[in-house]
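Down below is the structure, laid out as structure tokens.
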Amino acid sequence: MNLELLEQGLIAMFIGMGVVLAFLVILIGAMGVMSNVVGYLNKIFPEVVAVPTKSKPSSAAKQDEQIAIAIAAVMARV
Amino acid sequence: MNLELLEQGLIAMFIGMGVVLAFLVILIGAMGVMSNVVGYLNKIFPEVVAVPTKSKPSSAAKQDEQIAIAIAAVMARV
Amino acid sequence: MNLELLEQGLIAMFIGMGVVLAFLVILIGAMGVMSNVVGYLNKIFPEVVAVPTKSKPSSAAKQDEQIAIAIAAVMARV
Amino acid sequence: MNIQDSLITLWNSTGIANFIQPVDPSITSPFEQFLHQFGSPIMLLVCLFLLWLGIKKQFEPLLLVPIAFGGFLSNIPVADIAGPNGFLGIIYEAGIHKGLFPLIIFMGVGAMTDFGPLIANPKTALLGGAAQFGIFGALLLALCVFGFTLPQAGAIGIIGGADGPTSIYVTSKLAPELLGAIAVAAYSYMALVPVIQPPIMKLLTTKKERVIEMEQLRAVSKREKIVFPLVVLTLCVIFLPDACPLIGALTFGNLCKECGVVERLSDTMQNALINIVTIFLGLSVGSKLSADQFLTTQTLFILILGILAFSFATAAGVIFGKIMNKFSKTPINPLIGAAGVSAVPMAARVANKVGLEYNPNNYLLMHAMGPNVAGVIGSGVAAGVLLALCN
Amino acid sequence: MNIQDSLITLWNSTGIANFIQPVDPSITSPFEQFLHQFGSPIMLLVCLFLLWLGIKKQFEPLLLVPIAFGGFLSNIPVADIAGPNGFLGIIYEAGIHKGLFPLIIFMGVGAMTDFGPLIANPKTALLGGAAQFGIFGALLLALCVFGFTLPQAGAIGIIGGADGPTSIYVTSKLAPELLGAIAVAAYSYMALVPVIQPPIMKLLTTKKERVIEMEQLRAVSKREKIVFPLVVLTLCVIFLPDACPLIGALTFGNLCKECGVVERLSDTMQNALINIVTIFLGLSVGSKLSADQFLTTQTLFILILGILAFSFATAAGVIFGKIMNKFSKTPINPLIGAAGVSAVPMAARVANKVGLEYNPNNYLLMHAMGPNVAGVIGSGVAAGVLLALCN
Amino acid sequence: MNIQDSLITLWNSTGIANFIQPVDPSITSPFEQFLHQFGSPIMLLVCLFLLWLGIKKQFEPLLLVPIAFGGFLSNIPVADIAGPNGFLGIIYEAGIHKGLFPLIIFMGVGAMTDFGPLIANPKTALLGGAAQFGIFGALLLALCVFGFTLPQAGAIGIIGGADGPTSIYVTSKLAPELLGAIAVAAYSYMALVPVIQPPIMKLLTTKKERVIEMEQLRAVSKREKIVFPLVVLTLCVIFLPDACPLIGALTFGNLCKECGVVERLSDTMQNALINIVTIFLGLSVGSKLSADQFLTTQTLFILILGILAFSFATAAGVIFGKIMNKFSKTPINPLIGAAGVSAVPMAARVANKVGLEYNPNNYLLMHAMGPNVAGVIGSGVAAGVLLALCN
Ligand code: NA
Ligand code: NA
Ligand code: NA
């Protein structure tokens with residue numbers, strides 16, 4: 001076994017595991033920050049996100065329904 | 001503002017709008033002709049288009065059905 | 001009609017049909033061997049093929065079901 | 001290799017070490033120096049903003065989310081994802097530079113479009129023509145006021161066509177360096193149609209006009225719908241072959257939809273195929289959102305010209321509607337002129353909605369679909385003119 | 001640029017100005033001069049006729065509609081859509097010239113084919129072999145009577161294989177200049193199988209033969225169906241590696257179908273993937289329908305040779321069926337020999353239908369599926385021979 | 001051409017005549033001579049064995065069936081299907097050499113992955129980090145004991161990441177000559193996770209540890225799930241741009257899934273698109289299963305190193321789980337550490353199953369999904385390090 005290769009391999013291992021774990025530690029921190037920020041936002045704008053998004057398509061659907069009725073009425077007269 | 005550029009731009013606008021409108025005017029005429037021709041064809045060959053097309057798959061479907069019955073009968077004997 | 005071309009064409013025909021038919025004759029033989037071998041295998045390991053294959057997903061499905069119940073229970077407590 | 005060298009290699013390959021470019025002494029303007037140094041991180045923020053527009057504000061999210069994400073990826077330092085050997089660079093080259101993606105999407109658009117309302121009331125096609133004034137008005141301003149070259153002005157003008165694939169196709173041919181800005185402007189303003197159009201529509205019409213009810217449309221036979229795409233394509237062949245790739249793709253998709261014997265293909269165009277291409281088109285359009293091309297005053301001008309193009313288009317459509325109403329035997333509600341900008345089916349819905357505001361029994365949707373789909377053809381034709389004149 | 005120059009530029013880019021080519025003094029024959037001048041508009045009409053065949057007459061519409069539309073687009077003057085930088089030219093180069101599209105379609109065919117009836121009655125494979133006589137008969141005539149070169153004759157002969165992707169694959173390798181005509185002939189005649197075959201079948205069989213009832217097929221186990229594609233491919237490896245791309249794609253699709261553990265992939269091959277590739281294959285095959293390659297006496301010869309190839313194939317299958325019936329212990333209805341031409345499943349349905357005409361209790365469909373799917377393998381093998389000998 | 005020459009031509013193009021290569025006098029080792037001569041037929045058998053593993057043993061069949069079939073096709077003599085003009089060679093070049101296919105699959109993986117369990121319990125991410133020790137342990141052994149070069153050792157190590165597309169992406173960049181062996185090892189061992197992991201998990205844990213019940217996970221809001229992929233990508237931009245193509249594709253897919261406004265695209269990524277690419281990725285990875293690259297002692301070493309990598313990864317995850325359990329306020333069952341190797345969702349199921357064996361009320365699945373999906377990110381990051389250091 002070549003000592004130089006061993007050194008190379010160990011360097012790769014230390015750097016590699018170091019970067020992976022450092023990355024994930026920072027990610028854990030970032031997730032903590034994220035959860036707090038989003039939790040805070042969810043408090044300030046509680047359902048604001050969900051409701052308009054849902055109501056939008058549903059209102060569009062309603063509108064489409066009305067249109068469909070209108071078209072059907074028109075077609076019936078044809 | 002450069003007069004030459006203005007001329008270039010106005011030419012592009014006149015030609016562009018001219019071509020677009022001319023194209024659509026001709027298209028309107030062509031649609032008129034098309035509707036008349038197709039309407040005439042629809043009179044001469046009233047349901048000729050729709051019926052064979054529909055009956056073809058349906059007869060094929062019928063045939064397939066018969067075949068399916070036949071195969072089922074065969075399989076039942078296996 | 002050129003005699004050389006005729007020869008070329010006839011050679012292509014004889015070789016072509018020969019190879020196609022030879023291939024299919026050998027295929028027929030191979031299918032016979034295959035059916036016998038598989039029939040024999042089917043006797044030795046009769047349903048061994050079908051049952052584990054089927055039971056595997058179904059046991060996985062069962063497991064998934066259990067998991068789903070567990071998750072539902074967990075979620076209900078949230 | 002020792003551990004110190006390796007750490008230095010690794011450090012030099014991090015984003016932190018490469019975010020900020022060193023000062024380039026050849027750049028004299030301090031603002032340009034700032035952009036040169038901080039361009040990438042600014043673009044990352046811009047792309048996050050576009051993502052927010054797509055996700056939260058639902059600005060044409062099917063396109064804007066991939067475009068913004070592609071832009072984010074492209075501005076990552078070191079990775080060079082938009083470069084010639086990068087993931088997005090390769091897709092851009094194969095799909096957009098050669099013009100395939102917009103055409104495939106146009107096939108899907110054709111397979112989803114019902115030209116019935118236009119066939120039932122052909123004269124509304126003129127409204128779809130008038131609205132193309134937005135294209136040429138913006139071209140004129142871009143050329144004379146904002147100092148763009150003629151090909152660039154043509155590409156900017158096409159934003160007023162309110163048709164994503166057409167804009168991308170034309171821009172990739174005439175001014176690929178502006179593709180990022182133009183695509184973002186085109187899709188953003190298409191999403192803003194319900195905001196941009198109503199004030200203009202109300203400004204240019206009287207209440208009396210807005211309440212006009214239109215005669216119901218006649219039924220259109222299957223045969224007419226089959227022949228129609230062939231008629232459009234044939235006219236295009238005769239008068240404007242340069243528009244034929246676009247119009248050809250559109251009419252091919254539409255013929256497949258209407259002919260009724262290739263439903264497998266029509267379904268695939270409307271679903272798997274258009275979705276796959278949309279993903280890659282979006283991502284690779286995003287690859288043109290590089291700092292040096294996007295963080296320029298040109299982009300600002302494009303955004304201004306884009307909204308002007310939409311406004312001109314709306315106004316021209318409405319005004320032409322008023323004129324047609326004067327001369328037409330059957331009544332025409334000028335509001336449907338606004339639908340001539342295309343942005344299918346959003347603009348038609350806007351016309352319908354504004355109409356309902358003033359007359360709750362006035363369902364203009366079907367009437368507005370005529371100019372709306374004619375607008376698609378109209379901007380395809382306009383694209384052909386631009387490709388023939390500006391190249 | 002002034003308005004007059006612009007109008008001239010625009011006029012020169014219209015189709016009207018370019019429809020009719022100027023007289024070429026180097027062409028002496030007046031007929032060729034006529035074709036040189038009026039080739040494009042004539043081809044546009046030809047493509048409309050092909051579209052009509054596809055849509056109205058339902059001649060293999062999944063292929064014929066895209067082929068005809070691609071041909072229409074390719075013959076538009078100025079636009080050069082089939083050129084090296086045109087939309088269809090690029091797709092042709094990437095998908096057909098390199099042979100990918102037909103192979104991908106063959107995967108889908110494999111994933112849709114059930115070889116069970118062949119495994120249940122292996123000797124019917126010979127009927128699928130005999131019917132390949134159509135290929136070599138047409139080759140002989142093309143070479144000796146009609147003056148084609150050997151590679152061209154091979155590509156023309158393969159029409160008799162009644163297998164679209166095989167024809168396109170072989171032709172793109174041996175004689176790409178004939179691709180348009182051969183593809184049109186192959187798909188048209190496949191659609192005409194119910195017209196071409198019955199008279200030949202009735203001519204060559206006695207009523208006594210036509211009423212023969214066959215023994216019911218045995219059940220085929222799942223394992224046999226899994227092993228079968230591997231057996232076919234292995235034989236192909238041993239005897240004819242040149243056929244391995246085609247047979248490999250077919251057996252890969254079939255193995256995915258039968259092995260039961262990759263249903264996602266098998267479904268995709270049968271739907272999204274085959275549909276997407278069919279669209280582009282059709283359009284880009286159409287790009288070879290140019291006037292100078294299609295409006296030739298060669299095309300006429302190809303159409304004649306194509307129908308002869310189908311007829312020879314049908315006759316050979318039926319005659320071989322009669323011979324087999326003589327020597328077989330179990331009765332064989334010679335009508336199923338006609339199914340050996342492949343054209344799956346149309347030819348098998350024709351055999352079934354003719355059988356039912358004469359004996360209303362005689363369901364030949366399953367028996368005819370054996371030669372039918374063997375015909376696919378047989379023409380794949382024949383394609384390999386042609387690629388090895390004619391190249 | 002006469003009949004004798006033709007027959008000789010045909011014979012020379014058969015597989016029989018080309019199966020066995022002639023003796024190469026420049027090869028001195030008799031074993032290498034044997035491989036040189038009989039390599040192709042041996043590889044055909046190896047591929048049949050891999051097919052059997054895929055179909056009968058259901059070893060990741062979605063990948064292993066296409067890989068094995070592609071390998072079979074590639075080893076057919078004469079046909080040269082894996083060559084630069086062959087069907088699979090072309091696909092390899094376009095899709096794998098340029099890195100597109102693994103990235104597209106990673107998009108699909110992102111669109112199918114729910115990061116909720118990780119967001120609910122962030123610290124389990126460390127377990128997904130610890131398990132990447134398998135990568136670097138195997139790299140060390142490959143480099144120092146088995147005599148591979150550094151790029152090769154990096155590519156081999158990545159097998160321990162237990163992530164198919166990541167392995168293929170990294171190997172295609174670092175050591176394409178090993179792609180066949182590494183892909184086969186990676187997918188085979190991923191399929192063997194339920195066999196490889198339990199003994200190691202039981203060896204390294206006490207019964208007391210195995211019965212630990214974990215606290216239920218909190219609910220994760222939609223907004224957190226939308227922001228999460230952007231957070232991951234941003235960190236990746238800052239610290240490791242080399243990992244951005246992989247992590248970018250993964251997070252793009254995940255964002256499309258979670259943002260809720262582009263369901264069409266997300267569905268397509270999870271179905272049509274990933275299936276199509278899987279077919280071609282598998283077949284073209286198989287094109288690297290040539291005898292001279294696969295029938296080597298290197299392949300044997302790769303198989304040994306691969307299983308060691310999986311074992312190291314499992315062990316490191318479990319041991320780190322034990323350590324975390326010591327220091328954590330809330331209890332952590334070390335079994336979930338084994339799920340850190342990724343192999344989603346197999347490894348998490350294994351952890352759940354082993355946990356249930358010892359405590360029938362202990363459902364670890366959701367807890368194990370945290371390290372499981374973190375393992376995907378972790379091996380993406382490790383891939384970035386390898387690409388930055390080993391290239
Ligand atoms: Na428009
Ligand atoms: Na055939
Ligand atoms: Na991993």
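By convention here, the chains of the structure tokens are called A, B, ... in the order presented, each chain's residues are numbered starting at 1, and ligands are numbered starting at 1 in the order presented.
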Mind checking DSSP for segment 127-334 of chain D and telling me the alpha helix (DSSP H) residues as a PyMOL selection string?
chain D and resi 127-130+133-144+150-157+164-174+179-191+193-204+207-210+222-239+244-259+263-268+274-286+291-294+297-327
Contacts of segment 6-9 of chain C at 12 Å (only C-alpha atoms; same-chain gap of 2+ positions) as a short mmCIF file (atom, residue, chain, number, x, y, z; two decimals) with all heavy atoms, in the first residue's frame:
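Written file, result-v9.cif:
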```
data_model
loop_
_atom_site.label_atom_id
_atom_site.label_comp_id
_atom_site.auth_asym_id
_atom_site.auth_seq_id
_atom_site.Cartn_x
_atom_site.Cartn_y
_atom_site.Cartn_z
N MET C 1 -34.01 -7.32 -70.55
CA MET C 1 -33.67 -7.72 -69.18
C MET C 1 -32.25 -8.29 -69.14
O MET C 1 -31.89 -9.17 -69.91
CB MET C 1 -34.68 -8.77 -68.70
CG MET C 1 -34.69 -8.91 -67.20
SD MET C 1 -35.61 -10.35 -66.69
CE MET C 1 -37.24 -10.00 -67.32
N ASN C 2 -31.48 -7.72 -68.22
CA ASN C 2 -30.08 -8.07 -68.10
C ASN C 2 -29.92 -9.41 -67.36
O ASN C 2 -30.46 -9.59 -66.28
CB ASN C 2 -29.41 -6.94 -67.32
CG ASN C 2 -27.92 -7.06 -67.31
OD1 ASN C 2 -27.42 -8.18 -67.17
ND2 ASN C 2 -27.23 -5.96 -67.46
N LEU C 3 -29.18 -10.33 -67.94
CA LEU C 3 -29.05 -11.65 -67.31
C LEU C 3 -28.31 -11.57 -65.98
O LEU C 3 -28.62 -12.30 -65.03
CB LEU C 3 -28.32 -12.61 -68.25
CG LEU C 3 -29.24 -13.40 -69.17
CD1 LEU C 3 -28.44 -14.45 -69.92
CD2 LEU C 3 -30.35 -14.08 -68.36
N GLU C 4 -27.33 -10.67 -65.92
CA GLU C 4 -26.56 -10.56 -64.68
C GLU C 4 -27.45 -10.07 -63.54
O GLU C 4 -27.38 -10.58 -62.42
CB GLU C 4 -25.41 -9.57 -64.91
CG GLU C 4 -24.24 -9.76 -63.96
CD GLU C 4 -23.18 -8.71 -64.23
OE1 GLU C 4 -22.90 -8.44 -65.42
OE2 GLU C 4 -22.66 -8.13 -63.26
N ILE C 11 -30.44 -14.73 -56.87
CA ILE C 11 -29.61 -15.07 -55.72
C ILE C 11 -30.19 -14.45 -54.45
O ILE C 11 -30.35 -15.11 -53.43
CB ILE C 11 -28.16 -14.55 -55.94
CG1 ILE C 11 -27.46 -15.41 -56.99
CG2 ILE C 11 -27.38 -14.58 -54.63
CD1 ILE C 11 -26.12 -14.85 -57.40
N ALA C 12 -30.54 -13.14 -54.54
CA ALA C 12 -31.12 -12.46 -53.38
C ALA C 12 -32.38 -13.19 -52.93
O ALA C 12 -32.60 -13.41 -51.73
CB ALA C 12 -31.43 -11.00 -53.72
N MET C 13 -33.19 -13.60 -53.92
CA MET C 13 -34.44 -14.29 -53.56
C MET C 13 -34.18 -15.63 -52.88
O MET C 13 -34.73 -15.92 -51.83
CB MET C 13 -35.29 -14.49 -54.80
CG MET C 13 -36.60 -15.18 -54.50
SD MET C 13 -37.50 -15.53 -56.01
CE MET C 13 -38.27 -13.96 -56.31
N PHE C 14 -33.29 -16.42 -53.49
CA PHE C 14 -33.03 -17.74 -52.91
C PHE C 14 -32.42 -17.61 -51.52
O PHE C 14 -32.87 -18.25 -50.57
CB PHE C 14 -32.13 -18.57 -53.83
CG PHE C 14 -32.86 -19.06 -55.04
CD1 PHE C 14 -32.38 -18.83 -56.32
CD2 PHE C 14 -34.06 -19.75 -54.90
CE1 PHE C 14 -33.07 -19.27 -57.44
CE2 PHE C 14 -34.76 -20.19 -56.02
CZ PHE C 14 -34.26 -19.95 -57.29
N ILE C 15 -31.41 -16.75 -51.43
CA ILE C 15 -30.78 -16.59 -50.11
C ILE C 15 -31.77 -16.02 -49.12
O ILE C 15 -31.91 -16.49 -47.99
CB ILE C 15 -29.54 -15.68 -50.21
CG1 ILE C 15 -28.45 -16.39 -51.01
CG2 ILE C 15 -29.03 -15.32 -48.83
CD1 ILE C 15 -27.16 -15.61 -51.09
N GLY C 16 -32.51 -15.01 -49.54
CA GLY C 16 -33.45 -14.35 -48.64
C GLY C 16 -34.50 -15.31 -48.13
O GLY C 16 -34.68 -15.48 -46.92
N MET C 17 -35.21 -15.95 -49.07
CA MET C 17 -36.26 -16.88 -48.64
C MET C 17 -35.64 -18.02 -47.84
O MET C 17 -36.22 -18.49 -46.86
CB MET C 17 -37.02 -17.43 -49.84
CG MET C 17 -37.99 -16.45 -50.48
SD MET C 17 -39.16 -15.73 -49.30
CE MET C 17 -40.23 -17.12 -48.96
N ILE E 135 -41.60 -9.93 -50.59
CA ILE E 135 -40.44 -9.04 -50.55
C ILE E 135 -39.50 -9.35 -51.71
O ILE E 135 -39.10 -8.47 -52.48
CB ILE E 135 -39.69 -9.19 -49.21
CG1 ILE E 135 -40.53 -8.68 -48.06
CG2 ILE E 135 -38.34 -8.48 -49.26
CD1 ILE E 135 -39.91 -8.89 -46.68
N PHE E 136 -39.16 -10.63 -51.84
CA PHE E 136 -38.11 -10.97 -52.79
C PHE E 136 -38.62 -11.02 -54.22
O PHE E 136 -37.89 -10.74 -55.16
CB PHE E 136 -37.42 -12.26 -52.35
CG PHE E 136 -36.79 -12.12 -51.00
CD1 PHE E 136 -37.42 -12.60 -49.86
CD2 PHE E 136 -35.60 -11.43 -50.87
CE1 PHE E 136 -36.86 -12.42 -48.62
CE2 PHE E 136 -35.02 -11.25 -49.62
CZ PHE E 136 -35.65 -11.75 -48.48
N GLY E 137 -39.91 -11.34 -54.36
CA GLY E 137 -40.50 -11.26 -55.69
C GLY E 137 -40.48 -9.83 -56.22
O GLY E 137 -40.08 -9.57 -57.36
N ALA E 138 -40.88 -8.90 -55.36
CA ALA E 138 -40.88 -7.50 -55.78
C ALA E 138 -39.46 -7.02 -56.02
O ALA E 138 -39.20 -6.25 -56.95
CB ALA E 138 -41.57 -6.64 -54.71
N LEU E 139 -38.52 -7.48 -55.19
CA LEU E 139 -37.11 -7.11 -55.38
C LEU E 139 -36.65 -7.52 -56.78
O LEU E 139 -36.03 -6.73 -57.51
CB LEU E 139 -36.27 -7.79 -54.31
CG LEU E 139 -34.77 -7.50 -54.24
CD1 LEU E 139 -34.26 -7.79 -52.84
CD2 LEU E 139 -33.96 -8.27 -55.26
N LEU E 140 -36.97 -8.77 -57.13
CA LEU E 140 -36.54 -9.30 -58.44
C LEU E 140 -37.10 -8.44 -59.57
O LEU E 140 -36.37 -8.04 -60.48
CB LEU E 140 -37.02 -10.75 -58.57
CG LEU E 140 -36.51 -11.52 -59.78
CD1 LEU E 140 -35.02 -11.76 -59.68
CD2 LEU E 140 -37.25 -12.85 -59.90
N LEU E 141 -38.39 -8.15 -59.49
CA LEU E 141 -39.00 -7.34 -60.55
C LEU E 141 -38.39 -5.93 -60.57
O LEU E 141 -38.10 -5.39 -61.64
CB LEU E 141 -40.51 -7.22 -60.33
CG LEU E 141 -41.33 -8.47 -60.64
CD1 LEU E 141 -42.80 -8.19 -60.36
CD2 LEU E 141 -41.14 -8.89 -62.09
N ALA E 142 -38.21 -5.34 -59.40
CA ALA E 142 -37.67 -3.98 -59.34
C ALA E 142 -36.29 -3.94 -59.97
O ALA E 142 -35.95 -3.00 -60.69
CB ALA E 142 -37.61 -3.51 -57.88
N LEU E 143 -35.52 -4.97 -59.72
CA LEU E 143 -34.13 -5.00 -60.20
C LEU E 143 -34.08 -5.27 -61.70
O LEU E 143 -33.37 -4.59 -62.45
CB LEU E 143 -33.38 -6.10 -59.43
CG LEU E 143 -31.88 -6.19 -59.63
CD1 LEU E 143 -31.19 -4.99 -58.99
CD2 LEU E 143 -31.36 -7.49 -59.00
N CYS E 144 -34.85 -6.27 -62.14
CA CYS E 144 -34.68 -6.75 -63.52
C CYS E 144 -35.62 -6.06 -64.50
O CYS E 144 -35.27 -5.84 -65.65
CB CYS E 144 -34.92 -8.25 -63.59
SG CYS E 144 -33.84 -9.16 -62.52
N VAL E 145 -36.82 -5.73 -64.07
CA VAL E 145 -37.79 -5.17 -65.01
C VAL E 145 -37.83 -3.65 -64.93
O VAL E 145 -37.90 -2.97 -65.95
CB VAL E 145 -39.19 -5.77 -64.74
CG1 VAL E 145 -40.20 -5.18 -65.72
CG2 VAL E 145 -39.14 -7.28 -64.84
N PHE E 146 -37.78 -3.12 -63.72
CA PHE E 146 -38.00 -1.68 -63.58
C PHE E 146 -36.70 -0.87 -63.47
O PHE E 146 -36.74 0.35 -63.33
CB PHE E 146 -38.89 -1.40 -62.37
CG PHE E 146 -40.31 -1.85 -62.57
CD1 PHE E 146 -40.72 -3.13 -62.23
CD2 PHE E 146 -41.25 -0.98 -63.13
CE1 PHE E 146 -42.02 -3.53 -62.42
CE2 PHE E 146 -42.55 -1.38 -63.32
CZ PHE E 146 -42.95 -2.66 -62.98
N GLY E 147 -35.56 -1.56 -63.49
CA GLY E 147 -34.30 -0.85 -63.59
C GLY E 147 -33.83 -0.15 -62.33
O GLY E 147 -33.06 0.81 -62.39
N PHE E 148 -34.29 -0.59 -61.16
CA PHE E 148 -33.76 0.00 -59.93
C PHE E 148 -32.42 -0.64 -59.61
O PHE E 148 -32.11 -1.75 -60.06
CB PHE E 148 -34.74 -0.24 -58.78
CG PHE E 148 -35.98 0.60 -58.86
CD1 PHE E 148 -37.15 0.10 -59.43
CD2 PHE E 148 -35.99 1.90 -58.36
CE1 PHE E 148 -38.29 0.87 -59.51
CE2 PHE E 148 -37.14 2.67 -58.43
CZ PHE E 148 -38.29 2.16 -59.00
N THR E 149 -31.62 0.04 -58.79
CA THR E 149 -30.37 -0.56 -58.32
C THR E 149 -30.70 -1.60 -57.24
O THR E 149 -31.83 -1.64 -56.72
CB THR E 149 -29.46 0.50 -57.69
OG1 THR E 149 -30.10 0.99 -56.51
CG2 THR E 149 -29.23 1.65 -58.65
N LEU E 150 -29.71 -2.40 -56.88
CA LEU E 150 -29.96 -3.45 -55.89
C LEU E 150 -30.42 -2.87 -54.54
O LEU E 150 -31.43 -3.34 -53.99
CB LEU E 150 -28.72 -4.34 -55.72
CG LEU E 150 -28.91 -5.54 -54.80
CD1 LEU E 150 -30.02 -6.46 -55.29
CD2 LEU E 150 -27.61 -6.34 -54.68
N PRO E 151 -29.73 -1.85 -53.98
CA PRO E 151 -30.23 -1.31 -52.70
C PRO E 151 -31.65 -0.77 -52.83
O PRO E 151 -32.50 -0.99 -51.95
CB PRO E 151 -29.24 -0.19 -52.38
CG PRO E 151 -28.00 -0.51 -53.14
CD PRO E 151 -28.45 -1.23 -54.38
N ALA E 153 -33.92 -1.74 -54.97
CA ALA E 153 -34.84 -2.87 -55.12
C ALA E 153 -35.12 -3.52 -53.77
O ALA E 153 -36.26 -3.90 -53.47
CB ALA E 153 -34.25 -3.88 -56.10
N GLY E 154 -34.08 -3.60 -52.93
CA GLY E 154 -34.29 -4.17 -51.60
C GLY E 154 -35.26 -3.33 -50.79
O GLY E 154 -36.17 -3.85 -50.12
N GLY E 157 -38.72 -3.85 -52.18
CA GLY E 157 -39.24 -5.16 -51.82
C GLY E 157 -39.82 -5.18 -50.42
O GLY E 157 -40.88 -5.76 -50.18
N LEU E 386 -31.53 -8.29 -46.32
CA LEU E 386 -31.37 -7.21 -47.30
C LEU E 386 -30.26 -6.25 -46.88
O LEU E 386 -29.44 -5.83 -47.70
CB LEU E 386 -32.69 -6.45 -47.46
CG LEU E 386 -33.83 -7.25 -48.09
CD1 LEU E 386 -35.12 -6.44 -48.07
CD2 LEU E 386 -33.49 -7.66 -49.51
N LEU E 389 -27.00 -8.03 -47.60
CA LEU E 389 -26.66 -8.33 -49.00
C LEU E 389 -26.63 -7.11 -49.90
O LEU E 389 -25.83 -7.04 -50.83
CB LEU E 389 -27.68 -9.31 -49.59
CG LEU E 389 -27.58 -10.78 -49.23
CD1 LEU E 389 -28.59 -11.57 -50.05
CD2 LEU E 389 -26.19 -11.33 -49.47
N CYS E 390 -27.52 -6.16 -49.69
CA CYS E 390 -27.71 -5.09 -50.68
C CYS E 390 -26.89 -3.84 -50.39
O CYS E 390 -26.92 -2.89 -51.17
CB CYS E 390 -29.19 -4.68 -50.75
SG CYS E 390 -30.27 -6.03 -51.15
N MET F 1 -21.47 -10.49 -58.47
CA MET F 1 -21.99 -11.27 -57.34
C MET F 1 -22.51 -12.63 -57.85
O MET F 1 -23.37 -12.68 -58.71
CB MET F 1 -23.15 -10.52 -56.68
CG MET F 1 -23.71 -11.19 -55.47
SD MET F 1 -24.78 -10.08 -54.52
CE MET F 1 -26.41 -10.66 -55.02
N ASN F 2 -21.98 -13.68 -57.36
CA ASN F 2 -22.58 -14.99 -57.64
C ASN F 2 -23.04 -15.61 -56.33
O ASN F 2 -22.78 -15.08 -55.24
CB ASN F 2 -21.60 -15.90 -58.40
CG ASN F 2 -20.36 -16.18 -57.58
OD1 ASN F 2 -20.44 -16.32 -56.36
ND2 ASN F 2 -19.22 -16.24 -58.25
N ILE F 3 -23.71 -16.75 -56.46
CA ILE F 3 -24.35 -17.30 -55.27
C ILE F 3 -23.34 -17.69 -54.20
O ILE F 3 -23.58 -17.51 -53.01
CB ILE F 3 -25.29 -18.48 -55.63
CG1 ILE F 3 -26.13 -18.89 -54.42
CG2 ILE F 3 -24.49 -19.70 -56.09
CD1 ILE F 3 -27.56 -19.05 -54.73
N GLN F 4 -22.18 -18.16 -54.65
CA GLN F 4 -21.17 -18.58 -53.67
C GLN F 4 -20.64 -17.39 -52.87
O GLN F 4 -20.60 -17.43 -51.63
CB GLN F 4 -20.03 -19.25 -54.43
CG GLN F 4 -19.23 -20.20 -53.54
CD GLN F 4 -18.11 -20.86 -54.34
OE1 GLN F 4 -18.23 -21.00 -55.57
NE2 GLN F 4 -17.06 -21.26 -53.66
N ASP F 5 -20.30 -16.32 -53.59
CA ASP F 5 -19.84 -15.12 -52.90
C ASP F 5 -20.89 -14.60 -51.93
O ASP F 5 -20.58 -14.21 -50.80
CB ASP F 5 -19.52 -14.00 -53.91
CG ASP F 5 -18.29 -14.32 -54.72
OD1 ASP F 5 -17.62 -15.32 -54.41
OD2 ASP F 5 -18.00 -13.57 -55.67
N SER F 6 -22.15 -14.62 -52.39
CA SER F 6 -23.22 -14.10 -51.54
C SER F 6 -23.35 -14.92 -50.27
O SER F 6 -23.51 -14.40 -49.18
CB SER F 6 -24.56 -14.14 -52.29
OG SER F 6 -24.50 -13.30 -53.40
#
```
Please return as a list in words the residues found within 8 Å of ligand 1, counting only C-alpha atoms and all ligand atoms.
Gly128, Ala131, Gln132, Gly160, Gly161, Ala162, Asp163, Gly340, Val341, Ser342, Ala343, Asn372, Ala374, Gly375, Val376, Ile377, Gly378, Ser379 and Gly380 of chain D
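Once Leu255 of chain D and its same-chain neighbours fewer than 4 positions away are set aside, Ile226, Pro229, Thr251 and Cys259 of chain D remain within 7 Å of it when counting only C-alpha atoms.
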